[in-house]
Amino acid sequence: MSAEQKRLQSVRNGFVWKKWGPYLSERQWGTVREDYSDNGDAWNYFSHDQARSRAYRWGEDGLGGISDDHQILCFALALWNGQDPILKERLFGLTNSEGNHGEDVKEYYFYLDSTPTHSYMKYLYKYPQREYPYGDLINTNRQRNRHEPEYELLDTGIFNDDRYFDVFVEYAKDNPEDIFIKISVYNRGPEAANLDVLPTIWFRNTWSWSDGGSKPIVQKVGDRVIQTHHTDPLFQEYLTDYYLYCDRTVPLLFTENETNNAHLFGTPNPSHYVKDGINNYIVNGHHDAVNPHQSGTKACAHYHLTVAAGATEVIYLRLTKTAPSATSDPFATVETIFKTRLEEADAFYDTITPLSIKTDSDRVNVMRQALAGMLWTKQYFYYDVDKWLEEHNINPLLGSEQRNRIRNGEWFHMYSDDIISMPDKWEYPWFAAWDLAFHMLPLSSVDSDFAKEQLDLMLRNDYLHPNGQIPAYEWNFGDVNPPVHAYATMQIYLMDKARNFGQGDLNFLKYAFSKLLVNFTWWVNRKDSDGNNAFEGGFLGLDNIGVFDRSSPLPTGGCLEQADGTAWMVFFSQQMLRIAVELAIHDPLYEEFVSKFFEHTMWIAGAMDRIGENQDEMWDEQDGFFYDLLRLPNGDAMRLKVRSLVGLLPLAAVAIFNEDDIVKLPNFYKRAQAFWSRHGDLVENIHIPDQQGAGGRYMLSLFTEDKLRRVLARMLDEKEFFSPYGIRSLSRYHADHPFVFHHNGEEFRVDYVPGDSNTGMFGGNSNWRGPVWMPVNMLFVAALRRLYAFYGDEFKVECPTGSGKYMNLFQVSQELAERLTRLFLTDGNGKRPVYGTAEKFQSDPHWKDLILFYEYFNGDTGAGIGASHQTGWTGGIATIIQAYGILTDEVVKELFSSSDVELEAMKRYLQKIKQ
């Protein structure tokens, strides 16, 4: 067992190795929490320009920083190149209205490494030596339209001649509350250059708000030492005194983390020393802006470096509870600690890297950076919605019309004070429930306990709405995310079971199941308006891939029965069935739920394709594809024939049952047989578990064999969905055959666009119609493997369609997995598709091995699009790489006689790690 695995084990016994971590946001400004405007315009109410001068209400942000897990005390980096008009204290980016494709961070930073306890972490920020082009980025992007690419920081020429610094920040813990910090500054330019490095420590401003307690203090206690002390007993109990040691004697600057009201609003300041005091001292030369008495609530050490061309300067700091009186040399062990923690990190990742890919350094690098990014994107999220609504003069006794004028006005119960896995700490610095479920699949390979805790979190009473809805995301908790929580729960349970020699965490499974029952009931009651098992859902993650904005009233009136919404519900019901089977094997009381969810699955699946030719159902027999169904107010109905993920998602709804499961649940199987014999019309067009396939398995799927072949022929057609880099969201067929719908003189149109969409239907930077999207591709890879577990080697399809090459479904899953991985790997020319035409990333030795995990990818070229650091679900590529390395053809053939091929392979692999 590696040292890091032992630390993870010790966390279960109360050791606080995770108390400090990368929990600091990279953008607190422009968030819903900080929005106290009358019109809900969060971006403009609290802007980037204000952020350096204005204290936050609900959290903090910084550059490459850390905090404790309640974000009382924060540490981060600030930089100044002598040219910029402001300190670089936080990452800059465009707001939703400024970017021609929505919000967009305009910085280059990379999460290079992290262990799950954050005993070792590494981060890189690339800082230009010329003046940062804030105005140019805003103005040029504003002038571009949706058909033009984003204007990126590299496009400004700021990195020409390599006039920039690589600033690496590393953290190594000696113990849970003793952290060494190493800042390495590399001058990549041709000449010596100056840089002010300002490691900053501060308290989150709690004291300015009601019930926030007393004011803490940060003060100088030696030439090289800053002490932090909280005077409030409540905080003292949790966060005792800390000391920040510097490795040399440098000026120590102090101010207050208080709003500069005079500068922003023309009103008096609470103190002469305010949040932007250090900025005003360094940049503007205002010597009275920092406290000469060297105390406050925010402080920094001022390192003024001159770095020769091609040279490196290193700074060491130490954040610890050890007082100066207890140490004569605070840095005596610094190099040893860094060397040891890095070796331990290498040893930990070595245990989770399949042997078959260890010699492929490029693949290993992508996997490790993906997981590092996911671990870095854990963020402290504080949001007491009841208090926030009260501050907006909204209370539960007001009528719904008044409550609805304020965002999240129906979520008074919601209270979050937790570390949560975020999609992206700049563009999405708030949790999204379905993103989080996908995050847990790769994260479970490094920290199973954290994965289970995160899934439980979304089901807690202070998150789950009393009506059963899981909160979607901060901008609108009441929006509808696809129901993937049960799937993630079952997958994490099975991985945990494999890791622990067949002993699963049944308490985790029982708790999740009890809460997911309530959530399932919410879906059935709220999203099936006609009670016919055809679901609406709305957004469901597909943004503007469809004809209409599915979260808004339809221009035609009537309703939209969604093929993806209904397929998601079949998928949800199947996962609840899988969980119920597992629980029933251990406790007969759950067998009733097995029957319940089997019948639910049958009713919902049957609603998608009824016996006979019906114009008011989602399956189109002529096309061999599922489509959304538009029901009009006069009773007419029509399929909206857009070939998109809407029609492919039903593939994910496949569940495999082992013969042992059926034997152990005889009462269920008798009831199931009775059910499908009574409802022959319901099950005619779906695959029911009434016959055994390969390995004696049974299968429940939306697809009969004929349907499966027809849909796979489209999915694996390179002229339609099968991109060189995964499954496209929209068929390329629509490049030459756009879908056009006319209503009341208005045209609604869907064209194939491989990258950013040319319509702003849904807003923000998630406007796409043809790109490759990692989470759904992950579902397809898993579904193909489950289908293979039933059909075996005899079932083959042409892959790609029209190629004359036939593969079994396991081989198809491997082909899809390899295409997804190809996004990030260097090709025969040494280029990474993810970086498209960005030559700096493709060829520069200081850039080309740094990986960005974008929100989605161009459906033709593989170039990254959208949020550039959405390691969240795109970090799922780590799982793809791991599984690809484990599930070789030879391993699958060896294990094929086992009850579950994929699980058995994973079991052997995880048990090897455990040993």
# chains A, B, ... in the order shown; residues from 1 in each chain; ligands from 1
$ residues_around --residues "Thr322 (chain A)" --least-positions-apart "5" --cutoff "9 Å" --atoms "only C-alpha atoms" --output "MDAnalysis selection string"
chainID A and resid 178 241:243 327 330
$ residues_around --residues "region 467-483 of chain A" --least-positions-apart "6" --cutoff "6 Å" --atoms "only C-alpha atoms" --output "CSV table (one decimal) with C-alpha atoms, in the first residue's frame"
chain,number,residue,atom,x,y,z
A,408,ASN,CA,-33.9,30.2,-6.6
A,431,PHE,CA,-21.7,22.7,-8.6
A,432,ALA,CA,-23.9,21.2,-11.3
A,433,ALA,CA,-25.5,18.0,-10.0
A,518,VAL,CA,-38.1,10.4,-3.8
A,519,ASN,CA,-36.3,11.9,-6.8
A,522,TRP,CA,-40.6,13.8,-8.5
A,540,LEU,CA,-31.6,18.0,-20.1
$ closest_residue --among "A:Lys173, A:Lys6, A:Glu659, A:Glu815" --to "Thr333 (chain A)" --atoms "only C-alpha atoms"
A:Lys173
$ select_by_dssp --residues "region 187-421 of chain A" --states "strand (DSSP E or B)" --output "count of residues only"
66
$ select_by_dssp --residues "region 810-856 of chain A" --states "helix (DSSP H, G or I)" --output "number ranges by chain"
A: 810-822, 833-835, 839-843
$ residues_around --residues "region 576-585 of chain A" --least-positions-apart "3" --cutoff "8 Å" --atoms "only C-alpha atoms" --output "count of residues only"
20
$ closest_atom_pairs --of "region 44-68 of chain A" --to "region 89-96 of chain A" --cutoff "12 Å" --atoms "only C-alpha atoms" --output "tab-separated table"
residue	atom	partner	partner_atom	distance
A:Asn44	CA	A:Thr95	CA	8.3
A:Tyr45	CA	A:Thr95	CA	11.5
A:Phe46	CA	A:Thr95	CA	11.0
A:Ser47	CA	A:Thr95	CA	8.6
A:His48	CA	A:Phe92	CA	7.1
A:Asp49	CA	A:Phe92	CA	9.4
A:Gln50	CA	A:Arg90	CA	11.8
A:Ala51	CA	A:Arg90	CA	8.8
A:Arg52	CA	A:Glu89	CA	7.7
A:Ser53	CA	A:Glu89	CA	11.4
A:Glu60	CA	A:Arg90	CA	10.1
A:Asp61	CA	A:Arg90	CA	6.7
A:Gly62	CA	A:Arg90	CA	4.8
A:Leu63	CA	A:Arg90	CA	5.0
A:Gly64	CA	A:Arg90	CA	8.7
A:Gly65	CA	A:Arg90	CA	9.7
$ atom_distance --atom1 "CA of Arg248 (chain A)" --atom2 "CA of Tyr316 (chain A)"
8.7 Å
$ residues_around --residues "Ile881 (chain A)" --least-positions-apart "6" --cutoff "10 Å" --atoms "only C-alpha atoms" --output "VMD selection string"
chain A and resid 353 to 354 357 363 to 364 366 to 367 817 to 818 820 to 821
$ closest_residue --among "A:Met121, A:Ile226, A:Leu317, A:Val283" --to "Asp346 (chain A)" --atoms "only C-alpha atoms"
A:Met121
$ residues_around --residues "Ile138 (chain A)" --least-positions-apart "4" --cutoff "7 Å" --atoms "only C-alpha atoms" --output "PyMOL selection string"
chain A and resi 94+98+134+142
$ atom_distance --atom1 "CA of Ala652 (chain A)" --atom2 "CA of Asn777 (chain A)"
9.7 Å
